[in-house]
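> Enclosed is the structure file work_10.cif (mmCIF, C-alpha atoms and all ligand atoms).
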```
data_target
#
loop_
_atom_site.label_atom_id
_atom_site.label_comp_id
_atom_site.auth_asym_id
_atom_site.auth_seq_id
_atom_site.Cartn_x
_atom_site.Cartn_y
_atom_site.Cartn_z
CA MET G 1 48.42 15.40 60.01
CA ASN G 2 46.46 16.94 62.89
CA ALA G 3 48.95 15.96 65.56
CA PRO G 4 48.53 18.97 67.89
CA SER G 5 44.74 18.67 67.97
CA ASP G 6 45.02 14.90 68.57
CA VAL G 7 47.22 15.60 71.57
CA ALA G 8 44.70 18.13 72.79
CA ALA G 9 41.93 15.58 72.31
CA LEU G 10 43.83 13.04 74.39
CA ALA G 11 44.44 15.56 77.13
CA ARG G 12 40.76 16.38 77.13
CA ALA G 13 39.76 12.74 77.17
CA LYS G 14 41.13 12.37 80.67
CA ALA G 15 39.02 15.10 82.22
CA GLY G 16 35.40 14.69 81.20
CA ALA G 17 32.69 12.17 82.00
CA THR G 18 31.37 9.44 79.70
CA VAL G 19 27.61 9.59 79.15
CA GLU G 20 25.64 6.53 78.04
CA LEU G 21 21.96 6.87 77.18
CA ALA G 22 20.13 3.73 76.15
CA GLY G 23 16.52 3.04 75.22
CA ILE G 24 15.14 6.08 77.00
CA THR G 25 11.39 6.54 76.96
CA LYS G 26 9.72 9.38 78.82
CA ARG G 27 5.99 10.06 78.85
CA PHE G 28 4.01 12.84 80.46
CA ALA G 29 0.38 12.45 81.51
CA LEU G 30 -1.79 15.33 80.43
CA ARG G 31 -5.31 16.12 81.56
CA ARG G 32 -8.15 13.92 80.39
CA GLY G 33 -5.91 10.87 80.39
CA GLU G 34 -3.91 11.95 77.33
CA VAL G 35 -0.24 11.06 77.26
CA VAL G 36 2.67 12.81 75.51
CA THR G 37 5.62 10.62 74.58
CA ALA G 38 8.43 13.15 74.96
CA LEU G 39 11.20 10.65 74.20
CA GLU G 40 11.12 7.14 72.79
CA SER G 41 13.98 4.64 72.53
CA PHE G 42 16.49 7.45 72.71
CA GLY G 43 20.10 6.34 72.67
CA LEU G 44 23.36 8.29 72.60
CA SER G 45 26.96 7.74 73.71
CA ILE G 46 29.08 10.73 74.57
CA LEU G 47 32.85 10.29 74.77
CA PRO G 48 34.77 11.76 77.69
CA GLY G 49 35.88 15.31 77.01
CA SER G 50 33.85 15.63 73.84
CA PHE G 51 31.45 18.37 72.84
CA VAL G 52 28.04 17.27 71.59
CA ALA G 53 25.39 19.65 70.28
CA ILE G 54 21.71 18.80 69.91
CA VAL G 55 19.38 20.57 67.49
CA GLY G 56 15.75 19.73 66.91
CA PRO G 57 12.27 21.13 66.47
CA SER G 58 10.63 22.88 69.40
CA GLY G 59 8.94 20.35 71.69
CA CYS G 60 10.98 17.35 70.50
CA GLY G 61 12.16 16.56 74.02
CA LYS G 62 15.55 18.32 74.23
CA SER G 63 15.01 19.91 77.63
CA THR G 64 13.42 16.71 78.92
CA LEU G 65 16.54 14.85 77.85
CA LEU G 66 18.82 17.28 79.67
CA ARG G 67 16.70 17.07 82.81
CA LEU G 68 16.99 13.27 82.74
CA ILE G 69 20.77 13.46 82.35
CA ALA G 70 20.98 16.02 85.17
CA GLY G 71 19.00 13.68 87.43
CA LEU G 72 16.20 16.27 87.76
CA ASP G 73 13.64 13.81 86.40
CA ARG G 74 13.41 10.05 85.76
CA ALA G 75 12.89 8.09 82.57
CA ASP G 76 10.01 5.58 82.32
CA HIS G 77 12.29 3.13 80.53
CA GLY G 78 15.94 2.93 79.64
CA SER G 79 19.06 4.01 81.40
CA VAL G 80 21.19 7.10 81.89
CA ARG G 81 24.75 6.44 83.04
CA ILE G 82 27.44 8.98 83.80
CA ASP G 83 30.77 7.17 84.12
CA GLY G 84 28.69 4.06 84.77
CA GLU G 85 26.61 5.62 87.55
CA PRO G 86 23.03 6.90 87.65
CA PRO G 87 22.75 10.71 87.39
CA GLU G 88 21.60 11.07 90.98
CA VAL G 89 24.97 9.73 92.10
CA ALA G 90 26.90 12.04 89.76
CA ALA G 91 24.74 14.98 90.87
CA THR G 92 25.34 14.44 94.57
CA GLY G 93 29.06 14.24 93.81
CA HIS G 94 28.69 17.73 92.21
CA ARG G 95 29.99 16.34 88.94
CA ILE G 96 27.30 17.90 86.76
CA GLY G 97 27.18 21.62 85.91
CA VAL G 98 23.97 23.03 84.50
CA ALA G 99 23.23 26.32 82.71
CA PHE G 100 19.73 26.76 81.39
CA GLN G 101 18.28 29.58 79.33
CA ASP G 102 16.63 31.34 82.26
CA HIS G 103 19.90 31.99 83.98
CA ALA G 104 18.33 32.55 87.42
CA LEU G 105 21.08 34.66 88.92
CA LEU G 106 20.29 36.18 92.27
CA PRO G 107 19.95 39.90 91.54
CA TRP G 108 21.00 41.03 95.02
CA LEU G 109 24.31 39.15 94.90
CA THR G 110 27.43 40.34 93.09
CA VAL G 111 28.91 38.46 90.13
CA HIS G 112 31.52 36.95 92.44
CA GLN G 113 28.86 35.88 94.95
CA ASN G 114 26.63 34.39 92.24
CA VAL G 115 29.52 32.29 90.91
CA SER G 116 30.32 31.24 94.51
CA LEU G 117 26.75 30.12 95.14
CA PRO G 118 27.21 26.43 94.20
CA PHE G 119 29.80 26.09 96.99
CA LYS G 120 27.32 27.51 99.48
CA LEU G 121 24.52 25.26 98.25
CA ALA G 122 26.84 22.25 98.53
CA GLY G 123 27.76 23.26 102.09
CA MET G 124 31.40 23.79 101.10
CA PRO G 125 33.66 26.79 101.71
CA ALA G 126 33.91 28.84 98.52
CA ASP G 127 37.19 28.48 96.66
CA ARG G 128 37.93 32.19 96.19
CA SER G 129 40.73 31.79 93.71
CA ARG G 130 38.72 29.37 91.58
CA VAL G 131 35.78 31.79 91.52
CA GLU G 132 38.11 34.61 90.52
CA THR G 133 39.64 32.47 87.78
CA LEU G 134 36.22 31.60 86.39
CA VAL G 135 35.00 35.19 86.50
CA ALA G 136 38.14 36.23 84.65
CA MET G 137 37.80 33.34 82.19
CA VAL G 138 34.41 34.60 81.06
CA GLY G 139 35.84 38.11 80.78
CA LEU G 140 34.12 39.68 83.77
CA ALA G 141 37.04 40.38 86.13
CA GLU G 142 36.22 44.08 86.10
CA PHE G 143 32.60 43.36 86.93
CA ALA G 144 33.18 40.95 89.84
CA GLU G 145 31.50 43.34 92.28
CA ALA G 146 28.65 44.34 89.94
CA ARG G 147 25.13 42.95 90.40
CA PRO G 148 23.06 41.30 87.65
CA PRO G 149 20.76 44.31 87.03
CA GLN G 150 23.88 46.31 86.10
CA LEU G 151 24.95 43.77 83.46
CA SER G 152 23.92 43.16 79.86
CA GLY G 153 22.11 39.94 78.88
CA GLY G 154 25.31 38.49 77.44
CA MET G 155 27.23 39.26 80.60
CA ARG G 156 24.57 37.57 82.72
CA GLN G 157 24.77 34.47 80.54
CA ARG G 158 28.52 34.44 81.06
CA VAL G 159 28.03 34.61 84.82
CA SER G 160 25.66 31.66 84.52
CA ILE G 161 28.25 29.65 82.55
CA ALA G 162 30.99 30.52 85.07
CA ARG G 163 28.68 29.44 87.88
CA SER G 164 27.93 26.12 86.19
CA LEU G 165 31.68 25.43 86.17
CA ALA G 166 32.30 26.40 89.81
CA LEU G 167 32.46 22.87 91.23
CA LYS G 168 34.68 21.56 88.40
CA PRO G 169 32.00 19.39 86.82
CA ASP G 170 32.98 16.47 84.62
CA LEU G 171 29.82 17.08 82.63
CA LEU G 172 28.38 20.41 81.54
CA LEU G 173 24.74 20.59 80.40
CA LEU G 174 23.71 23.73 78.53
CA ASP G 175 20.09 24.26 77.51
CA GLU G 176 20.00 27.07 74.94
CA PRO G 177 22.20 29.26 77.10
CA PHE G 178 22.68 31.80 74.30
CA GLY G 179 19.07 31.70 73.11
CA ALA G 180 18.00 35.21 73.97
CA LEU G 181 21.15 36.96 72.79
CA ASP G 182 21.87 39.11 69.76
CA LEU G 183 24.09 37.66 67.06
CA VAL G 184 27.24 39.62 67.91
CA THR G 185 27.15 38.71 71.61
CA ARG G 186 26.33 35.15 70.69
CA ARG G 187 29.35 34.86 68.42
CA ALA G 188 31.62 36.26 71.11
CA LEU G 189 30.20 33.79 73.64
CA ASN G 190 30.65 30.91 71.21
CA LEU G 191 34.36 31.69 70.98
CA GLU G 192 34.55 32.02 74.73
CA MET G 193 32.66 28.75 75.29
CA GLN G 194 35.15 27.01 73.02
CA ARG G 195 38.08 28.46 74.93
CA VAL G 196 36.61 27.40 78.27
CA TRP G 197 35.90 23.90 77.01
CA GLU G 198 39.37 23.50 75.46
CA SER G 199 41.08 24.57 78.66
CA LEU G 200 38.94 22.52 81.07
CA GLY G 201 38.23 19.34 79.10
CA THR G 202 34.71 19.05 80.50
CA THR G 203 32.35 16.79 78.56
CA THR G 204 29.77 19.22 77.20
CA LEU G 205 26.23 18.76 75.91
CA LEU G 206 24.75 21.88 74.34
CA ILE G 207 21.19 22.31 73.16
CA THR G 208 20.87 25.06 70.61
CA HIS G 209 18.53 26.42 67.95
CA SER G 210 21.45 27.48 65.82
CA VAL G 211 22.90 24.99 63.33
CA ASP G 212 25.91 27.28 62.84
CA GLU G 213 26.60 27.31 66.55
CA ALA G 214 26.24 23.52 66.78
CA VAL G 215 28.67 22.91 63.90
CA GLN G 216 31.14 25.49 65.14
CA LEU G 217 31.35 24.14 68.67
CA ALA G 218 30.68 20.41 68.55
CA ASP G 219 32.61 17.25 67.74
CA ARG G 220 29.25 15.65 67.07
CA VAL G 221 25.90 17.19 66.14
CA VAL G 222 22.73 15.25 66.92
CA VAL G 223 19.56 16.16 65.02
CA MET G 224 16.38 15.15 66.81
CA ALA G 225 12.91 14.52 65.40
CA SER G 226 9.72 14.98 67.38
CA ARG G 227 6.59 13.03 68.35
CA PRO G 228 8.11 11.01 69.77
CA GLY G 229 11.47 12.64 70.45
CA ARG G 230 14.27 10.54 68.98
CA VAL G 231 17.61 10.72 67.20
CA HIS G 232 17.02 11.58 63.54
CA ALA G 233 20.64 11.88 62.39
CA THR G 234 24.13 12.48 63.76
CA PHE G 235 27.07 14.24 62.15
CA ASP G 236 30.70 14.19 63.21
CA SER G 237 32.63 17.39 62.76
CA HIS G 238 36.36 17.10 62.23
CA LEU G 239 36.99 20.78 61.63
CA ALA G 240 40.37 21.81 63.08
CA ARG G 241 40.39 23.59 66.42
CA PRO G 242 40.30 26.26 67.58
CA ARG G 243 37.47 27.18 65.24
CA THR G 244 37.73 30.82 64.42
CA ARG G 245 35.74 33.23 62.28
CA ALA G 246 37.88 31.98 59.37
CA THR G 247 36.70 28.40 60.05
CA THR G 248 33.08 29.48 59.86
CA GLN G 249 33.71 31.14 56.52
CA GLY G 250 35.38 28.10 54.98
CA PRO G 251 33.79 25.62 52.55
CA GLU G 252 34.04 22.63 54.92
CA PHE G 253 32.04 24.45 57.58
CA THR G 254 29.45 25.68 55.11
CA ALA G 255 28.98 22.19 53.65
CA LEU G 256 28.44 20.62 57.08
CA VAL G 257 26.01 23.37 58.11
CA ARG G 258 24.02 22.65 54.96
CA ARG G 259 23.91 18.90 55.65
CA VAL G 260 22.78 19.42 59.25
CA ALA G 261 20.20 22.02 58.17
CA ASP G 262 18.86 19.62 55.54
CA ALA G 263 18.54 16.86 58.15
CA LEU G 264 16.74 19.31 60.44
CA ASP G 265 14.34 20.27 57.62
CA ASP G 266 13.78 16.60 57.00
CA ALA G 267 13.11 15.96 60.70
CA MET G 268 10.64 18.84 60.73
CA SER G 269 8.97 18.05 57.44
CA GLY G 270 5.88 16.46 59.04
CA ASP G 271 5.24 19.42 61.34
CA GLY G 272 6.49 21.88 58.76
CA ALA G 273 4.22 20.62 56.00
CA GLN G 274 1.21 20.92 58.30
CA HIS G 275 2.28 24.41 59.30
CA VAL G 276 2.70 25.50 55.68
CA ARG G 277 -0.73 24.04 54.80
CA ALA G 278 -2.27 25.88 57.75
CA MET G 279 -0.65 29.14 56.63
CA ALA G 280 -1.69 28.60 53.01
CA SER G 281 -5.31 27.94 53.98
CA ARG G 282 -5.35 31.33 55.71
CA GLU G 283 -4.20 33.12 52.55
CA PRO G 284 -6.91 35.38 51.05
P1 LIG H 301 12.08 20.94 73.77
O1 LIG H 301 12.99 21.32 74.88
O2 LIG H 301 12.69 20.13 72.70
O3 LIG H 301 11.35 22.13 73.19
P2 LIG H 301 10.60 19.60 75.91
O4 LIG H 301 11.55 18.58 76.39
O5 LIG H 301 10.46 20.82 76.73
O6 LIG H 301 10.93 19.98 74.39
O7 LIG H 301 9.16 18.93 75.78
C1 LIG H 301 8.94 17.75 75.03
C2 LIG H 301 7.47 17.39 75.09
O8 LIG H 301 7.11 17.00 76.41
C3 LIG H 301 6.55 18.56 74.73
O9 LIG H 301 5.43 18.03 74.04
C4 LIG H 301 6.15 19.09 76.07
O10 LIG H 301 4.89 19.70 76.01
C5 LIG H 301 6.12 17.84 76.93
N1 LIG H 301 6.46 18.12 78.33
C6 LIG H 301 7.66 18.50 78.80
N2 LIG H 301 7.63 18.63 80.15
C7 LIG H 301 6.36 18.31 80.53
C8 LIG H 301 5.68 18.23 81.80
N3 LIG H 301 6.31 18.50 82.94
N4 LIG H 301 4.39 17.87 81.78
C9 LIG H 301 3.73 17.59 80.64
N5 LIG H 301 4.32 17.62 79.42
C10 LIG H 301 5.60 17.99 79.36
MG MG H 302 13.60 23.21 75.63
#
```
Can you turn what I pasted into structure tokens?
Ligand code: ADP
Ligand code: MG

Amino acid sequence: MNAPSDVAALARAKAGATVELAGITKRFALRRGEVVTALESFGLSILPGSFVAIVGPSGCGKSTLLRLIAGLDRADHGSVRIDGEPPEVAATGHRIGVAFQDHALLPWLTVHQNVSLPFKLAGMPADRSRVETLVAMVGLAEFAEARPPQLSGGMRQRVSIARSLALKPDLLLLDEPFGALDLVTRRALNLEMQRVWESLGTTTLLITHSVDEAVQLADRVVVMASRPGRVHATFDSHLARPRTRATTQGPEFTALVRRVADALDDAMSGDGAQHVRAMASREP
């Protein structure tokens, strides 16, 4: 029935990395000997070329998880494997692309130079045509020589996404990359993100606050619960691709958004109930 999208899925499956997370526990020591368990027994398998979105309450360990996968920090227990290898190995092979919310572009470099930066940092000659392709792919060809202060927030985020793709990563990690953007820009970037992902086949893990965004972009949506951070529920999305504005107005989309939002409410109910009680007690 969905033959074309199955073919596309197969084509994608060849490009991206497989991610296996098993039994991950991560604790942080605070002052006075207190300990925060950011993640406990966290497990997740991500298929090559697939798009996984994670939603969860603030402080439930999402960024910690991404840092562990990127090899920027180490778990206390459990394992992270990217195509069977520890993240440090994948990272030194430049197979992981990262775009976090604070996009950290260098303001004195042009768009083209910012996107070229990963080559420089890796001690490799910049691939000019690849950089140009990426800049064009995120719709900034006309702004290649502009500098970040001359760009809008949405444009800067797009530069950051292009930069994360510079070294052809097999795995793309996005930590709320659209967080600070207005709704219209965010929608445009969602469509663009989808296009980039469909054309490159990179395994993608996106952390987002937006249930709509998660359902629109992902093959699988993971809802996390906090204290300790863990998987609360997962949902598979079989909505046909590409997912357009029409998709997001359809009943299938709306129903899935509602189910994910309900799971998120459920995951937050402990914290939420306390918050509501605290608010109520302040009422005159
Ligand atoms: P999220 O991204 O879901 O909002 P984080 O992964 O940033 O959550 O944090 C999860 C928990 O771990 C929070 O309680 C946070 O305060 C704690 N935490 C994260 N990083 C550190 C750190 N470097 N030192 C101490 N605590 C930390
Ligand atoms: Mg975070």
> Just how far from atom CA of G:Ser63 is atom O9 of ligand LIG 301 (chain H), in Å to one decimal?
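Atom-to-atom, atom O9 of ligand LIG 301 (chain H) and atom CA of G:Ser63 are spaced 10.4 Å apart.
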> Could you check the closest approach to ligand MG 302 (chain H) for each of G:Val52, G:Ala144, G:Ala38, G:Ala29 and tell me which residue wins, using all atoms listed in the file?
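That would be G:Ala38, the residue with the smallest distance to ligand MG 302 (chain H).
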> Please list as a PyMOL selection string every residue within 8 Å of G:Ala225, counting all atoms listed in the file and excluding residues in the same chain fewer than 2 positions away.
chain G and resi 56-57+60+223+227-232+264+267-268
> Taking only C-alpha atoms and all ligand atoms into account, which residues are within 12 Å of ligand MG 302 (chain H), as a list in words?
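Checking only C-alpha atoms and all ligand atoms against ligand MG 302 (chain H) at 12 Å gives Ala38, Ile54, Val55, Gly56, Pro57, Ser58, Gly59, Cys60, Gly61, Lys62, Ser63, Thr64, Leu65, Leu66, Arg67, Phe100, Gln101, Asp102, Leu174, Asp175, Glu176, Pro177, Gly179, Leu206, Ile207, Thr208, His209 and Gly229 of chain G.
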> Would you mind telling me which residue in G:Val19, G:Ala240, G:Val260, G:Leu39 lies nearest to G:Glu85 when using only C-alpha atoms?
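Among the listed residues, the smallest separation from G:Glu85 belongs to G:Val19.
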> Each side padded by 5 Å, which centre and which edge lengths in Å (one decimal) define the axis-aligned box around the listed atoms of ligand LIG 301 (chain H)? Give them as JSON.

```
{"center_x": 8.4, "center_y": 19.6, "center_z": 77.8, "size_x": 19.3, "size_y": 15.1, "size_z": 20.2}
```
> Nearest residue to G:Leu121 out of G:Ser79, G:Thr92, G:Ser210, G:Gln150, using all atoms listed in the file?
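Among G:Ser79, G:Thr92, G:Ser210, G:Gln150, it is G:Thr92 that comes nearest to G:Leu121.
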> I'd like the interatomic distance between atom CA of G:Phe143 and atom CA of G:Gln157, to a tenth of an Å.
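Those two atoms sit 13.5 Å apart.
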> Pick from G:Pro169, G:Gly139, G:Gly33, G:Gly97: nearest to ligand LIG 301 (chain H), with only C-alpha atoms and all ligand atoms counted?
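Under the stated criterion, the closest residue is G:Gly33.
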